[in-house]
Amino acid sequence: MAKYLLDTNVVLRFSNPSDAQHDLSTEAVATLLFQGNECYLTAQILIELWVVATRPVDVNGLGWSVEQTRDITEQLLDHFPVAGETSQIFPSWFALVTDNRIKGKRAHDARVTAVMLTSGISHILTLNPNDFSGVPGITIVRPQQVLSEAMTTE
């Protein structure tokens, strides 16, 4: 079985029952776990979740209180391991951004990829595959893909 990193966009959606993609994200994660795969978070994913969750709704956030966000974060920590922050992450990130000519906001996603590569996590479950495209060493998987593949193997 494979190790999957859960991208921020997936974690936000399965943590928010009112999101239109809540069911899709929740079912995809449940399917991966049912199949025996391992699902991980990173410190950066949890920080990004905090930023979006506590940002006001009028600036594209969820408008959650600190207490609500803390509770959700603690639930996530109870259910998913967090990939370790090691000294190898920065050199891996630096190589990724220079070798792949990554610019701007994608540098944040390259750090997520560096954590994956240094932690032996081979797959990322994401709703935004373009954020990770063109970076060698990882397999990009969309929630829809997980569910359609599960249906064809039944």
# chains A, B, ... in the order shown; residues from 1 in each chain; ligands from 1
call {"tool": "residues_around", "arguments": {"residues": "A:Glu149", "least_positions_apart": "5", "cutoff": "12 Å", "atoms": "only C-alpha atoms", "output": "CSV table (one decimal) with N, CA and C atoms, in the first residue's frame"}}
result
chain,number,residue,atom,x,y,z
A,28,ALA,N,-13.0,10.0,-0.3
A,28,ALA,CA,-11.7,9.7,-0.9
A,28,ALA,C,-10.7,9.3,0.2
A,31,THR,N,-11.8,5.9,1.6
A,31,THR,CA,-11.4,4.8,0.7
A,31,THR,C,-10.0,4.5,0.8
A,32,LEU,N,-9.1,5.5,0.8
A,32,LEU,CA,-7.7,5.2,0.9
A,32,LEU,C,-7.3,4.5,2.1
A,35,GLN,N,-8.5,0.9,2.0
A,35,GLN,CA,-7.6,0.1,1.1
A,35,GLN,C,-6.3,-0.3,1.8
A,141,VAL,N,-2.7,12.6,-7.1
A,141,VAL,CA,-4.0,11.9,-7.1
A,141,VAL,C,-5.1,12.8,-6.7
A,142,ARG,N,-6.2,12.8,-7.5
A,142,ARG,CA,-7.4,13.6,-7.2
A,142,ARG,C,-8.4,12.7,-6.4
A,143,PRO,N,-9.2,13.3,-5.6
A,143,PRO,CA,-10.2,12.5,-4.9
A,143,PRO,C,-11.1,11.7,-5.8
A,144,GLN,N,-11.5,12.4,-6.9
A,144,GLN,CA,-12.4,11.7,-7.9
A,144,GLN,C,-11.7,10.5,-8.5
A,154,GLU,N,-14.3,-3.0,-7.6
A,154,GLU,CA,-15.4,-3.7,-6.8
A,154,GLU,C,-16.0,-4.8,-7.6
call {"tool": "residues_around", "arguments": {"residues": "stretch 123-130 of chain A", "least_positions_apart": "5", "cutoff": "10 Å", "atoms": "only C-alpha atoms", "output": "mmCIF file with N, CA, C and O atoms, in the first residue's frame"}}
result
data_model
loop_
_atom_site.group_PDB
_atom_site.id
_atom_site.type_symbol
_atom_site.label_atom_id
_atom_site.label_comp_id
_atom_site.auth_asym_id
_atom_site.auth_seq_id
_atom_site.Cartn_x
_atom_site.Cartn_y
_atom_site.Cartn_z
ATOM 1 N N ALA A 2 0.259 2.375 -0.302
ATOM 2 C CA ALA A 2 1.004 3.620 -0.494
ATOM 3 C C ALA A 2 0.821 4.577 0.683
ATOM 4 O O ALA A 2 -0.131 4.477 1.457
ATOM 5 N N LYS A 3 1.764 5.522 0.757
ATOM 6 C CA LYS A 3 1.663 6.624 1.715
ATOM 7 C C LYS A 3 1.179 7.854 0.959
ATOM 8 O O LYS A 3 1.751 8.216 -0.065
ATOM 9 N N TYR A 4 0.135 8.484 1.488
ATOM 10 C CA TYR A 4 -0.473 9.667 0.876
ATOM 11 C C TYR A 4 -0.335 10.867 1.803
ATOM 12 O O TYR A 4 -0.584 10.754 3.009
ATOM 13 N N LEU A 5 0.004 12.003 1.224
ATOM 14 C CA LEU A 5 -0.099 13.256 1.952
ATOM 15 C C LEU A 5 -1.441 13.873 1.596
ATOM 16 O O LEU A 5 -1.832 13.888 0.420
ATOM 17 N N LEU A 6 -2.152 14.360 2.584
ATOM 18 C CA LEU A 6 -3.431 15.033 2.356
ATOM 19 C C LEU A 6 -3.161 16.521 2.206
ATOM 20 O O LEU A 6 -2.687 17.172 3.140
ATOM 21 N N ASP A 7 -3.425 17.055 1.023
ATOM 22 C CA ASP A 7 -3.180 18.465 0.757
ATOM 23 C C ASP A 7 -4.167 19.324 1.553
ATOM 24 O O ASP A 7 -5.258 18.878 1.925
ATOM 25 N N THR A 8 -3.790 20.566 1.767
ATOM 26 C CA THR A 8 -4.618 21.492 2.549
ATOM 27 C C THR A 8 -6.040 21.577 2.014
ATOM 28 O O THR A 8 -7.003 21.578 2.787
ATOM 29 N N ASN A 9 -6.197 21.632 0.688
ATOM 30 C CA ASN A 9 -7.540 21.785 0.130
ATOM 31 C C ASN A 9 -8.429 20.587 0.446
ATOM 32 O O ASN A 9 -9.625 20.742 0.652
ATOM 33 N N VAL A 10 -7.865 19.409 0.530
ATOM 34 C CA VAL A 10 -8.639 18.212 0.893
ATOM 35 C C VAL A 10 -8.973 18.252 2.387
ATOM 36 O O VAL A 10 -10.118 18.007 2.787
ATOM 37 N N VAL A 11 -7.990 18.576 3.202
ATOM 38 C CA VAL A 11 -8.198 18.623 4.653
ATOM 39 C C VAL A 11 -9.250 19.675 5.017
ATOM 40 O O VAL A 11 -10.138 19.416 5.845
ATOM 41 N N ARG A 13 -11.724 20.680 3.220
ATOM 42 C CA ARG A 13 -13.057 20.256 2.788
ATOM 43 C C ARG A 13 -13.623 19.130 3.649
ATOM 44 O O ARG A 13 -14.793 19.130 3.966
ATOM 45 N N GLN A 21 -17.624 20.213 -1.414
ATOM 46 C CA GLN A 21 -16.792 19.046 -1.716
ATOM 47 C C GLN A 21 -16.451 18.233 -0.470
ATOM 48 O O GLN A 21 -15.541 17.408 -0.496
ATOM 49 N N SER A 25 -14.276 14.657 -0.575
ATOM 50 C CA SER A 25 -12.999 14.565 0.138
ATOM 51 C C SER A 25 -13.041 13.510 1.230
ATOM 52 O O SER A 25 -12.104 12.726 1.388
ATOM 53 N N ALA A 28 -13.041 10.003 -0.306
ATOM 54 C CA ALA A 28 -11.732 9.660 -0.881
ATOM 55 C C ALA A 28 -10.749 9.263 0.215
ATOM 56 O O ALA A 28 -10.053 8.243 0.091
ATOM 57 N N VAL A 29 -10.696 10.020 1.295
ATOM 58 C CA VAL A 29 -9.789 9.692 2.400
ATOM 59 C C VAL A 29 -10.202 8.366 3.033
ATOM 60 O O VAL A 29 -9.358 7.495 3.291
ATOM 61 N N LEU A 32 -9.111 5.508 0.779
ATOM 62 C CA LEU A 32 -7.670 5.249 0.877
ATOM 63 C C LEU A 32 -7.339 4.461 2.136
ATOM 64 O O LEU A 32 -6.580 3.485 2.095
ATOM 65 N N CYS A 39 -2.332 7.789 5.450
ATOM 66 C CA CYS A 39 -2.556 9.200 5.116
ATOM 67 C C CYS A 39 -1.856 10.076 6.147
ATOM 68 O O CYS A 39 -2.002 9.843 7.353
ATOM 69 N N TYR A 40 -1.101 11.050 5.664
ATOM 70 C CA TYR A 40 -0.284 11.911 6.503
ATOM 71 C C TYR A 40 -0.643 13.378 6.328
ATOM 72 O O TYR A 40 -1.197 13.780 5.311
ATOM 73 N N ARG A 106 4.124 28.841 -5.869
ATOM 74 C CA ARG A 106 4.375 27.405 -5.995
ATOM 75 C C ARG A 106 5.542 26.944 -5.126
ATOM 76 O O ARG A 106 5.689 25.755 -4.854
ATOM 77 N N VAL A 112 6.060 21.441 0.515
ATOM 78 C CA VAL A 112 5.239 20.267 0.830
ATOM 79 C C VAL A 112 5.829 19.042 0.134
ATOM 80 O O VAL A 112 5.965 17.968 0.729
ATOM 81 N N THR A 113 6.212 19.200 -1.130
ATOM 82 C CA THR A 113 6.817 18.110 -1.879
ATOM 83 C C THR A 113 8.135 17.671 -1.241
ATOM 84 O O THR A 113 8.416 16.473 -1.146
ATOM 85 N N MET A 116 7.433 15.518 1.619
ATOM 86 C CA MET A 116 7.030 14.199 1.130
ATOM 87 C C MET A 116 8.255 13.363 0.760
ATOM 88 O O MET A 116 8.381 12.209 1.183
ATOM 89 N N LEU A 117 9.129 13.937 -0.036
ATOM 90 C CA LEU A 117 10.292 13.196 -0.528
ATOM 91 C C LEU A 117 11.227 12.770 0.601
ATOM 92 O O LEU A 117 11.753 11.658 0.580
ATOM 93 N N GLY A 137 9.081 12.543 -8.707
ATOM 94 C CA GLY A 137 9.197 11.811 -7.454
ATOM 95 C C GLY A 137 7.912 11.628 -6.681
ATOM 96 O O GLY A 137 7.914 10.951 -5.652
ATOM 97 N N ILE A 138 6.816 12.247 -7.141
ATOM 98 C CA ILE A 138 5.546 12.069 -6.443
ATOM 99 C C ILE A 138 4.449 11.724 -7.445
ATOM 100 O O ILE A 138 4.550 12.037 -8.620
ATOM 101 N N THR A 139 3.421 11.078 -6.929
ATOM 102 C CA THR A 139 2.245 10.752 -7.733
ATOM 103 C C THR A 139 1.099 11.634 -7.259
ATOM 104 O O THR A 139 0.761 11.633 -6.075
ATOM 105 N N ILE A 140 0.539 12.374 -8.190
ATOM 106 C CA ILE A 140 -0.561 13.292 -7.879
ATOM 107 C C ILE A 140 -1.874 12.550 -8.095
ATOM 108 O O ILE A 140 -2.107 11.972 -9.155
ATOM 109 N N VAL A 141 -2.746 12.568 -7.080
ATOM 110 C CA VAL A 141 -4.018 11.852 -7.137
ATOM 111 C C VAL A 141 -5.130 12.805 -6.723
ATOM 112 O O VAL A 141 -5.030 13.499 -5.708
ATOM 113 N N ARG A 142 -6.200 12.823 -7.512
ATOM 114 C CA ARG A 142 -7.387 13.618 -7.184
ATOM 115 C C ARG A 142 -8.395 12.734 -6.449
ATOM 116 O O ARG A 142 -8.467 11.525 -6.710
ATOM 117 N N PRO A 143 -9.210 13.308 -5.573
ATOM 118 C CA PRO A 143 -10.221 12.503 -4.874
ATOM 119 C C PRO A 143 -11.137 11.745 -5.833
ATOM 120 O O PRO A 143 -11.486 10.580 -5.585
ATOM 121 N N GLN A 144 -11.510 12.380 -6.947
ATOM 122 C CA GLN A 144 -12.382 11.727 -7.921
ATOM 123 C C GLN A 144 -11.728 10.451 -8.472
ATOM 124 O O GLN A 144 -12.405 9.458 -8.729
ATOM 125 N N GLN A 145 -10.431 10.512 -8.646
ATOM 126 C CA GLN A 145 -9.672 9.369 -9.155
ATOM 127 C C GLN A 145 -9.729 8.204 -8.166
ATOM 128 O O GLN A 145 -9.912 7.065 -8.559
ATOM 129 N N VAL A 146 -9.555 8.498 -6.882
ATOM 130 C CA VAL A 146 -9.618 7.456 -5.853
ATOM 131 C C VAL A 146 -10.951 6.746 -5.897
ATOM 132 O O VAL A 146 -11.026 5.517 -5.884
#
call {"tool": "residues_around", "arguments": {"residues": "stretch 93-100 of chain A", "least_positions_apart": "2", "cutoff": "8 Å", "atoms": "only C-alpha atoms", "output": "compact mmCIF listing (two decimals) with C-alpha atoms, in the first residue's frame"}}
result
# COMPACT_ATOMS: atom_id res chain seq x y z
CA ILE A 89 13.78 19.42 3.98
CA PHE A 90 15.46 22.72 3.10
CA PRO A 91 18.15 21.22 0.83
CA ILE A 102 9.62 27.04 -9.56
CA LYS A 103 8.54 30.63 -8.94
CA ALA A 107 7.47 27.52 -3.76
CA ALA A 110 7.50 22.69 -3.38
CA ARG A 111 8.15 22.66 0.37
CA THR A 113 6.82 18.11 -1.88
CA ALA A 114 10.21 18.29 -0.14
CA GLY A 134 6.14 18.86 -13.19
CA VAL A 135 7.81 17.87 -9.94
call {"tool": "atom_distance", "arguments": {"atom1": "atom CA of A:His79", "atom2": "atom CA of A:Trp50"}}
result
17.1 Å
call {"tool": "residues_around", "arguments": {"residues": "A:Asp71", "least_positions_apart": "5", "cutoff": "12 Å", "atoms": "only C-alpha atoms", "output": "PyMOL selection string"}}
result
chain A and resi 15+50+53+64-66+76-78
call {"tool": "write_last_selection", "arguments": {"atoms": "N, CA and C atoms", "output": "JSON list (two decimals), in the first residue's frame"}}
result
[["chain", "number", "residue", "atom", "x", "y", "z"],
["A", 15, "SER", "N", -12.91, 18.71, 6.69],
["A", 15, "SER", "CA", -13.08, 19.28, 8.03],
["A", 15, "SER", "C", -14.28, 20.22, 8.12],
["A", 50, "TRP", "N", -5.02, 26.50, 9.40],
["A", 50, "TRP", "CA", -5.28, 27.52, 10.41],
["A", 50, "TRP", "C", -5.50, 28.89, 9.76],
["A", 53, "ALA", "N", -8.92, 28.78, 7.89],
["A", 53, "ALA", "CA", -10.04, 28.58, 8.81],
["A", 53, "ALA", "C", -10.32, 29.82, 9.65],
["A", 64, "TRP", "N", -13.79, 30.79, 11.17],
["A", 64, "TRP", "CA", -13.89, 30.00, 12.40],
["A", 64, "TRP", "C", -13.16, 30.70, 13.53],
["A", 65, "SER", "N", -13.62, 30.44, 14.75],
["A", 65, "SER", "CA", -12.94, 30.96, 15.93],
["A", 65, "SER", "C", -11.64, 30.18, 16.15],
["A", 66, "VAL", "N", -10.79, 30.74, 16.98],
["A", 66, "VAL", "CA", -9.55, 30.05, 17.35],
["A", 66, "VAL", "C", -9.89, 28.72, 18.03],
["A", 76, "LEU", "N", -7.65, 16.29, 13.86],
["A", 76, "LEU", "CA", -6.78, 15.83, 12.76],
["A", 76, "LEU", "C", -5.53, 15.16, 13.31],
["A", 77, "LEU", "N", -4.94, 15.76, 14.33],
["A", 77, "LEU", "CA", -3.73, 15.19, 14.94],
["A", 77, "LEU", "C", -4.00, 13.83, 15.59],
["A", 78, "ASP", "N", -5.23, 13.64, 16.08],
["A", 78, "ASP", "CA", -5.61, 12.34, 16.66],
["A", 78, "ASP", "C", -5.76, 11.25, 15.61]]
call {"tool": "select_by_dssp", "arguments": {"residues": "chain A", "states": "alpha helix (DSSP H)", "output": "PyMOL selection string"}}
result
chain A and resi 8-15+22-34+43-54+66-79+89-99+106-119+143-152
call {"tool": "closest_residue", "arguments": {"among": "A:Pro17, A:His108, A:Leu12, A:Leu62", "to": "A:Leu46", "atoms": "only C-alpha atoms"}}
result
A:Leu12
call {"tool": "select_by_dssp", "arguments": {"residues": "chain A", "states": "strand (DSSP E)", "output": "list in words"}}
result
Lys3, Tyr4, Leu5, Leu6, Glu38, Cys39, Tyr40, His123, Ile124, Leu125, Thr139, Ile140 and Val141 of chain A
call {"tool": "decode", "arguments": {"residues": "stretch 113-138 of chain A", "atoms": "N, CA and C atoms", "output": "PDB file, in the first residue's frame"}}
result
ATOM      1  N   THR A 113       6.212  19.200  -1.130  1.00  0.00           N
ATOM      2  CA  THR A 113       6.817  18.110  -1.879  1.00  0.00           C
ATOM      3  C   THR A 113       8.135  17.671  -1.241  1.00  0.00           C
ATOM      4  N   ALA A 114       8.939  18.621  -0.790  1.00  0.00           N
ATOM      5  CA  ALA A 114      10.211  18.287  -0.139  1.00  0.00           C
ATOM      6  C   ALA A 114       9.978  17.464   1.128  1.00  0.00           C
ATOM      7  N   VAL A 115       8.959  17.826   1.900  1.00  0.00           N
ATOM      8  CA  VAL A 115       8.627  17.036   3.097  1.00  0.00           C
ATOM      9  C   VAL A 115       8.232  15.621   2.679  1.00  0.00           C
ATOM     10  N   MET A 116       7.433  15.518   1.619  1.00  0.00           N
ATOM     11  CA  MET A 116       7.030  14.199   1.130  1.00  0.00           C
ATOM     12  C   MET A 116       8.255  13.363   0.760  1.00  0.00           C
ATOM     13  N   LEU A 117       9.129  13.937  -0.036  1.00  0.00           N
ATOM     14  CA  LEU A 117      10.292  13.196  -0.528  1.00  0.00           C
ATOM     15  C   LEU A 117      11.227  12.770   0.601  1.00  0.00           C
ATOM     16  N   THR A 118      11.412  13.642   1.591  1.00  0.00           N
ATOM     17  CA  THR A 118      12.310  13.292   2.693  1.00  0.00           C
ATOM     18  C   THR A 118      11.654  12.349   3.700  1.00  0.00           C
ATOM     19  N   SER A 119      10.331  12.206   3.614  1.00  0.00           N
ATOM     20  CA  SER A 119       9.597  11.323   4.546  1.00  0.00           C
ATOM     21  C   SER A 119       9.161  10.007   3.901  1.00  0.00           C
ATOM     22  N   GLY A 120       9.482   9.821   2.639  1.00  0.00           N
ATOM     23  CA  GLY A 120       9.081   8.585   1.959  1.00  0.00           C
ATOM     24  C   GLY A 120       7.605   8.518   1.634  1.00  0.00           C
ATOM     25  N   ILE A 121       6.958   9.668   1.487  1.00  0.00           N
ATOM     26  CA  ILE A 121       5.542   9.719   1.115  1.00  0.00           C
ATOM     27  C   ILE A 121       5.484   9.896  -0.401  1.00  0.00           C
ATOM     28  N   SER A 122       4.858   8.942  -1.073  1.00  0.00           N
ATOM     29  CA  SER A 122       4.939   8.891  -2.534  1.00  0.00           C
ATOM     30  C   SER A 122       3.778   9.560  -3.265  1.00  0.00           C
ATOM     31  N   HIS A 123       2.633   9.736  -2.602  1.00  0.00           N
ATOM     32  CA  HIS A 123       1.426  10.232  -3.262  1.00  0.00           C
ATOM     33  C   HIS A 123       0.888  11.452  -2.524  1.00  0.00           C
ATOM     34  N   ILE A 124       0.233  12.346  -3.278  1.00  0.00           N
ATOM     35  CA  ILE A 124      -0.472  13.458  -2.663  1.00  0.00           C
ATOM     36  C   ILE A 124      -1.913  13.454  -3.154  1.00  0.00           C
ATOM     37  N   LEU A 125      -2.842  13.539  -2.223  1.00  0.00           N
ATOM     38  CA  LEU A 125      -4.263  13.648  -2.548  1.00  0.00           C
ATOM     39  C   LEU A 125      -4.597  15.131  -2.555  1.00  0.00           C
ATOM     40  N   THR A 126      -4.975  15.652  -3.722  1.00  0.00           N
ATOM     41  CA  THR A 126      -5.190  17.083  -3.860  1.00  0.00           C
ATOM     42  C   THR A 126      -6.316  17.384  -4.838  1.00  0.00           C
ATOM     43  N   LEU A 127      -6.960  18.507  -4.629  1.00  0.00           N
ATOM     44  CA  LEU A 127      -7.956  19.014  -5.570  1.00  0.00           C
ATOM     45  C   LEU A 127      -7.304  19.949  -6.588  1.00  0.00           C
ATOM     46  N   ASN A 128      -6.043  20.279  -6.378  1.00  0.00           N
ATOM     47  CA  ASN A 128      -5.314  21.194  -7.258  1.00  0.00           C
ATOM     48  C   ASN A 128      -4.057  20.511  -7.805  1.00  0.00           C
ATOM     49  N   PRO A 129      -4.203  19.590  -8.743  1.00  0.00           N
ATOM     50  CA  PRO A 129      -3.030  18.857  -9.238  1.00  0.00           C
ATOM     51  C   PRO A 129      -1.987  19.748  -9.903  1.00  0.00           C
ATOM     52  N   ASN A 130      -2.393  20.872 -10.459  1.00  0.00           N
ATOM     53  CA  ASN A 130      -1.425  21.761 -11.110  1.00  0.00           C
ATOM     54  C   ASN A 130      -0.410  22.338 -10.131  1.00  0.00           C
ATOM     55  N   ASP A 131      -0.768  22.400  -8.844  1.00  0.00           N
ATOM     56  CA  ASP A 131       0.162  22.922  -7.844  1.00  0.00           C
ATOM     57  C   ASP A 131       1.407  22.043  -7.717  1.00  0.00           C
ATOM     58  N   PHE A 132       1.285  20.783  -8.117  1.00  0.00           N
ATOM     59  CA  PHE A 132       2.384  19.832  -7.929  1.00  0.00           C
ATOM     60  C   PHE A 132       2.884  19.243  -9.251  1.00  0.00           C
ATOM     61  N   SER A 133       2.335  19.710 -10.364  1.00  0.00           N
ATOM     62  CA  SER A 133       2.716  19.145 -11.657  1.00  0.00           C
ATOM     63  C   SER A 133       4.153  19.515 -12.006  1.00  0.00           C
ATOM     64  N   GLY A 134       4.790  18.622 -12.730  1.00  0.00           N
ATOM     65  CA  GLY A 134       6.144  18.864 -13.194  1.00  0.00           C
ATOM     66  C   GLY A 134       7.213  18.656 -12.144  1.00  0.00           C
ATOM     67  N   VAL A 135       6.836  18.143 -10.986  1.00  0.00           N
ATOM     68  CA  VAL A 135       7.813  17.867  -9.939  1.00  0.00           C
ATOM     69  C   VAL A 135       7.993  16.350  -9.863  1.00  0.00           C
ATOM     70  N   PRO A 136       9.196  15.872 -10.157  1.00  0.00           N
ATOM     71  CA  PRO A 136       9.421  14.428 -10.165  1.00  0.00           C
ATOM     72  C   PRO A 136       9.406  13.832  -8.762  1.00  0.00           C
ATOM     73  N   GLY A 137       9.081  12.543  -8.707  1.00  0.00           N
ATOM     74  CA  GLY A 137       9.197  11.811  -7.454  1.00  0.00           C
ATOM     75  C   GLY A 137       7.912  11.628  -6.681  1.00  0.00           C
ATOM     76  N   ILE A 138       6.816  12.247  -7.141  1.00  0.00           N
ATOM     77  CA  ILE A 138       5.546  12.069  -6.443  1.00  0.00           C
ATOM     78  C   ILE A 138       4.449  11.724  -7.445  1.00  0.00           C
TER      79      ILE A 138
END
